[in-house]
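Novice: Input file: coords.cif. Contents: mmCIF, C-alpha atoms.
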data_upload
#
loop_
_atom_site.label_atom_id
_atom_site.label_comp_id
_atom_site.auth_asym_id
_atom_site.auth_seq_id
_atom_site.Cartn_x
_atom_site.Cartn_y
_atom_site.Cartn_z
CA MET A 1 85.40 100.27 101.17
CA LYS A 2 85.16 101.22 104.83
CA GLN A 3 86.61 104.43 106.16
CA ASN A 4 89.23 105.04 108.81
CA GLN A 5 89.92 108.02 111.06
CA HIS A 6 93.11 109.45 109.51
CA ALA A 7 93.43 113.21 108.96
CA LEU A 8 91.73 112.75 105.60
CA GLY A 9 89.35 110.10 106.89
CA ASN A 10 85.86 110.52 105.41
CA LYS A 11 86.95 113.70 103.59
CA LEU A 12 85.85 114.15 99.98
CA VAL A 13 88.63 114.40 97.38
CA VAL A 14 88.31 114.68 93.60
CA VAL A 15 91.02 113.21 91.38
CA ALA A 16 90.34 114.17 87.76
CA GLY A 17 92.36 111.71 85.71
CA GLY A 18 92.34 109.33 88.66
CA ALA A 19 91.88 106.31 86.40
CA GLY A 20 95.16 106.96 84.56
CA GLU A 21 98.51 105.40 85.39
CA ILE A 22 99.75 108.21 87.65
CA GLY A 23 96.20 109.09 88.70
CA GLU A 24 95.57 105.55 89.96
CA ARG A 25 98.49 105.89 92.38
CA ILE A 26 97.11 109.22 93.61
CA THR A 27 93.66 107.70 94.04
CA ARG A 28 95.17 104.75 95.91
CA MET A 29 97.13 107.05 98.22
CA PHE A 30 94.04 109.07 99.19
CA LEU A 31 92.03 105.88 99.79
CA GLN A 32 94.80 104.61 102.08
CA GLN A 33 94.32 107.82 104.08
CA GLY A 34 90.63 107.02 104.47
CA ALA A 35 89.35 109.66 102.01
CA ARG A 36 86.26 109.36 99.88
CA VAL A 37 87.70 109.74 96.38
CA LEU A 38 85.51 110.87 93.49
CA VAL A 39 87.07 109.90 90.15
CA PRO A 40 85.40 111.19 86.97
CA SER A 41 86.15 109.45 83.67
CA ARG A 42 84.40 109.22 80.32
CA SER A 43 85.48 105.58 80.07
CA GLU A 44 83.36 103.01 81.89
CA GLU A 45 86.04 100.42 81.17
CA LYS A 46 88.75 102.52 82.85
CA LEU A 47 86.57 103.03 85.92
CA LYS A 48 85.93 99.29 86.17
CA ALA A 49 89.65 98.59 85.79
CA LEU A 50 90.39 101.20 88.48
CA GLY A 51 87.97 99.56 90.88
CA ALA A 52 89.53 96.15 90.22
CA SER A 53 93.05 97.49 90.80
CA LEU A 54 92.03 98.95 94.16
CA LYS A 55 90.30 95.90 95.61
CA ASP A 56 93.18 95.41 98.02
CA ILE A 57 92.43 98.75 99.71
CA SER A 58 90.17 98.37 102.76
CA THR A 59 90.07 102.04 103.74
CA GLY A 60 88.33 105.01 102.20
CA GLU A 61 85.62 104.92 99.56
CA LEU A 62 86.00 105.02 95.78
CA ILE A 63 83.25 107.00 94.03
CA PRO A 64 83.46 106.38 90.26
CA LEU A 65 81.66 108.87 88.05
CA GLU A 66 81.21 108.21 84.35
CA THR A 67 81.27 111.64 82.72
CA ASP A 68 83.38 113.62 80.26
CA VAL A 69 84.84 116.60 82.13
CA SER A 70 86.05 118.11 78.83
CA THR A 71 82.43 119.05 78.04
CA PRO A 72 80.13 121.60 79.70
CA GLN A 73 77.57 118.89 80.49
CA GLY A 74 80.26 116.68 81.99
CA LEU A 75 81.41 119.50 84.26
CA LYS A 76 77.80 120.06 85.37
CA THR A 77 77.55 116.36 86.19
CA LEU A 78 80.78 116.58 88.19
CA SER A 79 79.59 119.65 90.11
CA ALA A 80 76.27 117.96 90.92
CA ALA A 81 78.10 114.87 92.19
CA ILE A 82 80.34 116.98 94.44
CA GLU A 83 77.31 118.81 95.85
CA LYS A 84 75.63 115.47 96.53
CA GLU A 85 78.65 113.89 98.21
CA GLY A 86 79.43 116.75 100.61
CA VAL A 87 82.17 119.25 101.45
CA LEU A 88 85.22 119.03 99.19
CA ARG A 89 88.58 118.80 101.00
CA ALA A 90 91.00 118.65 98.03
CA ALA A 91 91.04 118.33 94.26
CA VAL A 92 93.76 117.09 91.93
CA SER A 93 93.90 117.59 88.16
CA SER A 94 95.90 114.67 86.79
CA VAL A 95 94.33 114.78 83.34
CA GLY A 96 97.01 114.40 80.72
CA THR A 97 97.87 113.17 77.26
CA PHE A 98 100.70 113.61 74.75
CA TRP A 99 101.11 114.90 71.20
CA GLN A 100 104.00 114.86 68.75
CA GLY A 101 103.93 116.22 65.22
CA PRO A 102 105.70 118.30 62.60
CA SER A 103 107.66 121.46 63.31
CA SER A 104 106.03 124.68 64.45
CA LEU A 105 106.11 126.04 60.88
CA GLU A 106 104.48 122.92 59.44
CA VAL A 107 101.84 121.91 61.98
CA PRO A 108 98.34 122.84 60.69
CA VAL A 109 96.55 125.52 62.69
CA ASP A 110 93.54 123.19 62.92
CA GLU A 111 95.75 120.62 64.64
CA VAL A 112 96.96 123.19 67.17
CA HIS A 113 93.33 124.07 67.83
CA ARG A 114 92.49 120.38 68.33
CA VAL A 115 95.31 119.95 70.83
CA PHE A 116 94.12 122.98 72.80
CA GLU A 117 90.56 121.64 72.75
CA GLY A 118 91.78 118.38 74.25
CA THR A 119 94.20 119.77 76.84
CA PHE A 120 94.04 123.47 77.70
CA PHE A 121 90.29 124.12 77.53
CA PRO A 122 89.42 121.09 79.71
CA TYR A 123 91.84 122.37 82.35
CA VAL A 124 90.15 125.77 82.32
CA GLY A 125 86.79 124.06 82.75
CA LEU A 126 88.04 121.94 85.63
CA THR A 127 89.37 124.97 87.50
CA GLN A 128 86.03 126.74 87.09
CA ALA A 129 84.16 123.70 88.38
CA LEU A 130 86.48 122.60 91.19
CA ILE A 131 87.98 125.75 92.72
CA PRO A 132 84.60 127.35 93.57
CA ALA A 133 83.66 124.07 95.28
CA LEU A 134 86.74 124.29 97.51
CA GLY A 135 86.79 126.53 100.56
CA PRO A 136 89.62 128.22 102.45
CA ASP A 137 92.42 126.00 103.79
CA THR A 138 91.68 123.33 101.21
CA HIS A 139 93.94 122.42 98.28
CA PHE A 140 93.84 122.37 94.50
CA VAL A 141 96.79 120.59 92.86
CA LYS A 142 97.54 120.57 89.14
CA LEU A 143 100.03 118.17 87.55
CA ASN A 144 101.99 119.40 84.54
CA GLY A 145 105.09 118.33 82.63
CA ILE A 146 108.50 119.67 81.74
CA LEU A 147 107.19 121.07 78.43
CA SER A 148 105.55 123.82 80.46
CA LEU A 149 109.07 125.05 81.28
CA GLN A 150 111.26 123.90 78.40
CA ALA A 151 110.75 123.96 74.61
CA VAL A 152 111.48 120.71 72.77
CA PRO A 153 111.38 120.25 68.98
CA ASN A 154 108.32 118.73 67.32
CA VAL A 155 105.94 118.94 70.26
CA SER A 156 105.06 122.62 69.87
CA ALA A 157 101.26 122.34 70.01
CA PHE A 158 101.34 120.27 73.19
CA GLY A 159 104.14 122.32 74.73
CA VAL A 160 102.34 125.60 74.14
CA SER A 161 99.21 124.12 75.73
CA ALA A 162 101.24 122.99 78.76
CA THR A 163 102.71 126.49 79.02
CA ALA A 164 99.23 128.00 78.73
CA GLN A 165 98.01 125.74 81.52
CA MET A 166 100.80 126.97 83.78
CA ALA A 167 99.97 130.56 82.84
CA TRP A 168 96.34 129.88 83.77
CA THR A 169 97.49 128.58 87.15
CA ARG A 170 99.55 131.74 87.68
CA PHE A 171 96.48 133.88 87.01
CA LEU A 172 94.44 131.75 89.43
CA ILE A 173 97.09 132.38 92.07
CA ALA A 174 97.21 136.11 91.28
CA GLU A 175 93.43 136.32 91.67
CA ALA A 176 93.23 134.13 94.79
CA THR A 177 91.50 135.52 97.87
CA GLU A 178 91.23 134.41 101.49
CA SER A 179 88.19 132.32 100.58
CA THR A 180 89.86 130.32 97.80
CA PRO A 181 91.91 127.13 98.23
CA TRP A 182 95.68 126.88 98.24
CA ILE A 183 96.78 126.34 94.65
CA THR A 184 99.80 124.25 93.62
CA GLU A 185 101.09 123.45 90.15
CA LEU A 186 103.40 120.44 90.41
CA VAL A 187 105.61 120.08 87.33
CA ILE A 188 107.05 116.61 86.75
CA ASP A 189 110.42 117.26 85.14
CA SER A 190 111.64 113.69 84.67
CA LEU A 191 110.53 110.35 83.30
CA VAL A 192 108.07 108.49 85.53
CA ARG A 193 107.97 104.78 86.32
CA THR A 194 104.43 103.53 85.75
CA ARG A 195 102.80 100.23 84.79
CA SER A 196 103.73 100.79 81.14
CA SER A 197 107.29 101.93 81.81
CA GLN A 198 108.61 99.45 84.36
CA THR A 199 111.82 99.06 82.35
CA LEU A 200 113.02 102.45 83.61
CA PRO A 201 115.73 102.22 86.29
CA LYS A 202 114.43 102.32 89.85
CA GLU A 203 116.29 105.60 90.39
CA TYR A 204 113.56 107.41 88.43
CA ILE A 205 110.53 108.89 90.14
CA SER A 206 107.46 106.68 90.46
CA GLY A 207 103.74 107.37 90.53
CA ASP A 208 103.84 106.63 94.27
CA ASP A 209 106.54 109.30 94.76
CA ILE A 210 104.28 111.85 93.05
CA ALA A 211 101.25 110.71 95.06
CA HIS A 212 103.09 111.09 98.37
CA GLU A 213 104.31 114.58 97.43
CA ILE A 214 100.70 115.55 96.73
CA LEU A 215 99.68 114.11 100.11
CA ARG A 216 102.40 116.13 101.81
CA ILE A 217 101.24 119.33 100.12
CA VAL A 218 97.59 118.70 100.98
CA THR A 219 98.27 117.89 104.64
CA GLU A 220 101.28 120.06 105.50
CA GLU A 221 101.38 123.22 103.35
CA ASN A 222 99.32 126.38 103.25
CA LYS A 223 100.64 128.47 100.39
CA HIS A 224 100.28 129.06 96.67
CA GLN A 225 103.20 127.67 94.70
CA ILE A 226 104.60 126.30 91.48
CA ALA A 227 106.98 123.42 92.18
CA THR A 228 108.95 120.92 90.16
CA ILE A 229 109.41 117.32 91.15
CA GLY A 230 111.60 114.80 89.40
CA LYS A 231 114.03 112.05 90.16
CA GLY A 232 116.64 110.24 88.14
CA PRO A 233 120.05 108.68 88.69
CA GLY A 234 121.90 110.88 91.18
CA ASP A 235 119.05 113.38 91.63
CA ALA A 236 116.19 113.22 94.10
CA GLU A 237 115.47 116.86 94.80
CA VAL A 238 112.20 118.80 94.87
CA GLU A 239 112.67 122.38 93.67
CA PHE A 240 110.27 125.24 94.36
CA VAL A 241 110.03 127.82 91.61
CA PRO A 242 109.65 131.40 92.92
CA LEU A 243 106.42 133.13 92.01
CA GLY A 244 108.01 136.55 91.80
CA SER A 245 107.04 138.79 88.92
CA GLN A 246 109.04 138.36 85.73
CA ALA A 247 108.48 142.02 84.88
CA SER A 248 110.38 144.86 86.54
CA GLU A 249 108.72 146.90 89.27
CA ASN A 250 108.55 149.94 86.99
CA ASN A 251 106.91 147.92 84.21
CA VAL A 252 104.31 146.55 86.61
CA LYS A 253 103.54 150.06 87.92
CA ARG A 254 103.22 151.31 84.35
CA LEU A 255 100.90 148.43 83.46
CA PHE A 256 98.55 148.95 86.39
CA GLY A 257 98.68 152.70 85.88
CA SER A 258 97.47 152.11 82.33
CA PHE A 259 94.59 149.98 83.63
CA GLN A 260 93.54 152.75 85.99
CA ALA A 261 93.79 155.42 83.28
CA THR A 262 91.55 153.46 80.92
CA GLY A 263 89.20 152.18 83.59
#
Is it possible to express this structure as structure tokens?
Specialist:
Amino acid sequence: MKQNQHALGNKLVVVAGGAGEIGERITRMFLQQGARVLVPSRSEEKLKALGASLKDISTGELIPLETDVSTPQGLKTLSAAIEKEGVLRAAVSSVGTFWQGPSSLEVPVDEVHRVFEGTFFPYVGLTQALIPALGPDTHFVKLNGILSLQAVPNVSAFGVSATAQMAWTRFLIAEATESTPWITELVIDSLVRTRSSQTLPKEYISGDDIAHEILRIVTEENKHQIATIGKGPGDAEVEFVPLGSQASENNVKRLFGSFQATG
């Protein structure tokens, strides 16, 4: 795929989960902007299918990387590939799955641990591999779902992991410096029309809608934020969630005073 001279032309972008249904639309959008898009996946078949689905794109460059980013070795492989390919302009974590099971009082602790191993811990690893590779005025974008904001029966293990991922993002933002990228957590709070859910009404948000919002963030915004995006019948708004402290000012002063006293 040849490159063009758009704002993202010839820039390196990583889309973790870029071979998935929403991820493919994000990958496609960056390629249309002329970016060089590195997509890691443990599935050779998914990478081949991704390449086949993008044959109509004549701009940008797709860089498939067969590796499992949920493992330490896979993250090392990803980091080596980024170093080889050049300066990283943006990174998107679109890695996702779903889990449904018994109630919170009935789900085995081992099952909760398994869900965290498959969802939360890989996100931690990705942040530790990707954010240090990004410089100032670049962007790191994390996709999450409504379970990070709202409890729903019988999905407790997955919902707690989604909440933990958002908490991790908040700590990344709290610890950000002038040399770190702009960090966005984009929470999808509605159903999404994808290849496997084309029966949804057209009023619902699509993978392309999400991809274009990510493009807007990467090219137009310079701030840390947690945002929600969703669209359904009669609703097409993007809401930005304030990052203000949930604790009172006195509680925060007391907390940091305690740190200083024990330090």
Novice: Compile the contact shell of range 133-149 of chain A as a PDB file with C-alpha atoms, in the frame of the given file: residues with an atom at most 8 Å away, counting only C-alpha atoms, same-chain residues fewer than 3 positions apart removed.
Specialist:
ATOM      1  CA  SER A  79      79.590 119.650  90.110  1.00  0.00           C
ATOM      2  CA  ILE A  82      80.340 116.980  94.440  1.00  0.00           C
ATOM      3  CA  VAL A  87      82.170 119.250 101.450  1.00  0.00           C
ATOM      4  CA  LEU A  88      85.220 119.030  99.190  1.00  0.00           C
ATOM      5  CA  ARG A  89      88.580 118.800 101.000  1.00  0.00           C
ATOM      6  CA  ALA A  90      91.000 118.650  98.030  1.00  0.00           C
ATOM      7  CA  ALA A  91      91.040 118.330  94.260  1.00  0.00           C
ATOM      8  CA  VAL A  92      93.760 117.090  91.930  1.00  0.00           C
ATOM      9  CA  SER A  93      93.900 117.590  88.160  1.00  0.00           C
ATOM     10  CA  SER A  94      95.900 114.670  86.790  1.00  0.00           C
ATOM     11  CA  VAL A  95      94.330 114.780  83.340  1.00  0.00           C
ATOM     12  CA  ALA A 129      84.160 123.700  88.380  1.00  0.00           C
ATOM     13  CA  LEU A 130      86.480 122.600  91.190  1.00  0.00           C
ATOM     14  CA  VAL A 152     111.480 120.710  72.770  1.00  0.00           C
ATOM     15  CA  PHE A 158     101.340 120.270  73.190  1.00  0.00           C
ATOM     16  CA  GLY A 159     104.140 122.320  74.730  1.00  0.00           C
ATOM     17  CA  VAL A 160     102.340 125.600  74.140  1.00  0.00           C
ATOM     18  CA  SER A 161      99.210 124.120  75.730  1.00  0.00           C
ATOM     19  CA  ALA A 162     101.240 122.990  78.760  1.00  0.00           C
ATOM     20  CA  THR A 163     102.710 126.490  79.020  1.00  0.00           C
ATOM     21  CA  ALA A 164      99.230 128.000  78.730  1.00  0.00           C
ATOM     22  CA  GLN A 165      98.010 125.740  81.520  1.00  0.00           C
ATOM     23  CA  MET A 166     100.800 126.970  83.780  1.00  0.00           C
ATOM     24  CA  GLU A 178      91.230 134.410 101.490  1.00  0.00           C
ATOM     25  CA  SER A 179      88.190 132.320 100.580  1.00  0.00           C
ATOM     26  CA  THR A 180      89.860 130.320  97.800  1.00  0.00           C
ATOM     27  CA  PRO A 181      91.910 127.130  98.230  1.00  0.00           C
ATOM     28  CA  TRP A 182      95.680 126.880  98.240  1.00  0.00           C
ATOM     29  CA  ILE A 183      96.780 126.340  94.650  1.00  0.00           C
ATOM     30  CA  THR A 184      99.800 124.250  93.620  1.00  0.00           C
ATOM     31  CA  GLU A 185     101.090 123.450  90.150  1.00  0.00           C
ATOM     32  CA  LEU A 186     103.400 120.440  90.410  1.00  0.00           C
ATOM     33  CA  VAL A 187     105.610 120.080  87.330  1.00  0.00           C
ATOM     34  CA  ILE A 188     107.050 116.610  86.750  1.00  0.00           C
ATOM     35  CA  ASP A 189     110.420 117.260  85.140  1.00  0.00           C
ATOM     36  CA  SER A 190     111.640 113.690  84.670  1.00  0.00           C
ATOM     37  CA  ILE A 214     100.700 115.550  96.730  1.00  0.00           C
ATOM     38  CA  VAL A 218      97.590 118.700 100.980  1.00  0.00           C
ATOM     39  CA  ASN A 222      99.320 126.380 103.250  1.00  0.00           C
TER      40      ASN A 222
END
Novice: As an exercise, work out the distance from CA of Lys48 in chain A to CA of Glu66 in chain A in Å and give it to one decimal place.
Specialist: 10.3 Å
Novice: Using all atoms listed in the file, determine which residues lie at most 12 Å from Leu105 in chain A, disregarding the query and same-chain residues fewer than 4 positions distant; provide the list as a list in words.
Specialist: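 My list of contacting residues is Gly101, Val109, Val112, Pro153, Asn154, Val155, Ser156 and Ala157 of chain A.
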Novice: Which value, in Å to one decimal, gives the distance between CA of His224 in chain A and CA of Ile131 in chain A?
Specialist: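 CA of His224 in chain A sits 13.3 Å away from CA of Ile131 in chain A.
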Novice: Smallest atom-to-atom distance to Pro72 in chain A: which of A:Val124, A:Thr219, A:Gly51, A:Arg193, using all atoms listed in the file?
Specialist: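 Of all the options, A:Val124 lies closest to Pro72 in chain A.
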Novice: Could you state the separation of CA of Gly60 in chain A and CA of Gly125 in chain A in Å, given to one decimal place?
Specialist: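 Taking CA of Gly60 in chain A as the start and CA of Gly125 in chain A as the end point, the length is 27.3 Å.
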Novice: Evaluate the PyMOL selection byres ((chain A and resi 39-45) around 12) against this structure - the residues, as a VMD selection string, please.
Specialist: chain A and resid 12 to 20 23 to 24 26 to 28 30 to 31 36 to 38 46 to 52 61 to 71 73 to 79 81 to 82 91 to 95 126
Novice: Starting from the shown file, work through the PyMOL selection byres ((chain A and resi 202) around 10) and note down what comes out as a PyMOL selection string.
Specialist: chain A and resi 192-193+198-201+203-206+231-233
Novice: Could you check which of A:Asn10, A:Gln150, A:Thr119, A:Gln225 is closest to Trp99 in chain A, using all atoms listed in the file?
Specialist: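 Using all atoms listed in the file, the shortest distance to Trp99 in chain A belongs to A:Thr119.
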Novice: From the set A:Thr127, A:Thr97, A:Ser53, A:Thr177, which residue has the shortest atom-to-atom contact distance to Arg25 in chain A, counting only C-alpha atoms?
Specialist: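 Closest residue, counting only C-alpha atoms: A:Ser53.
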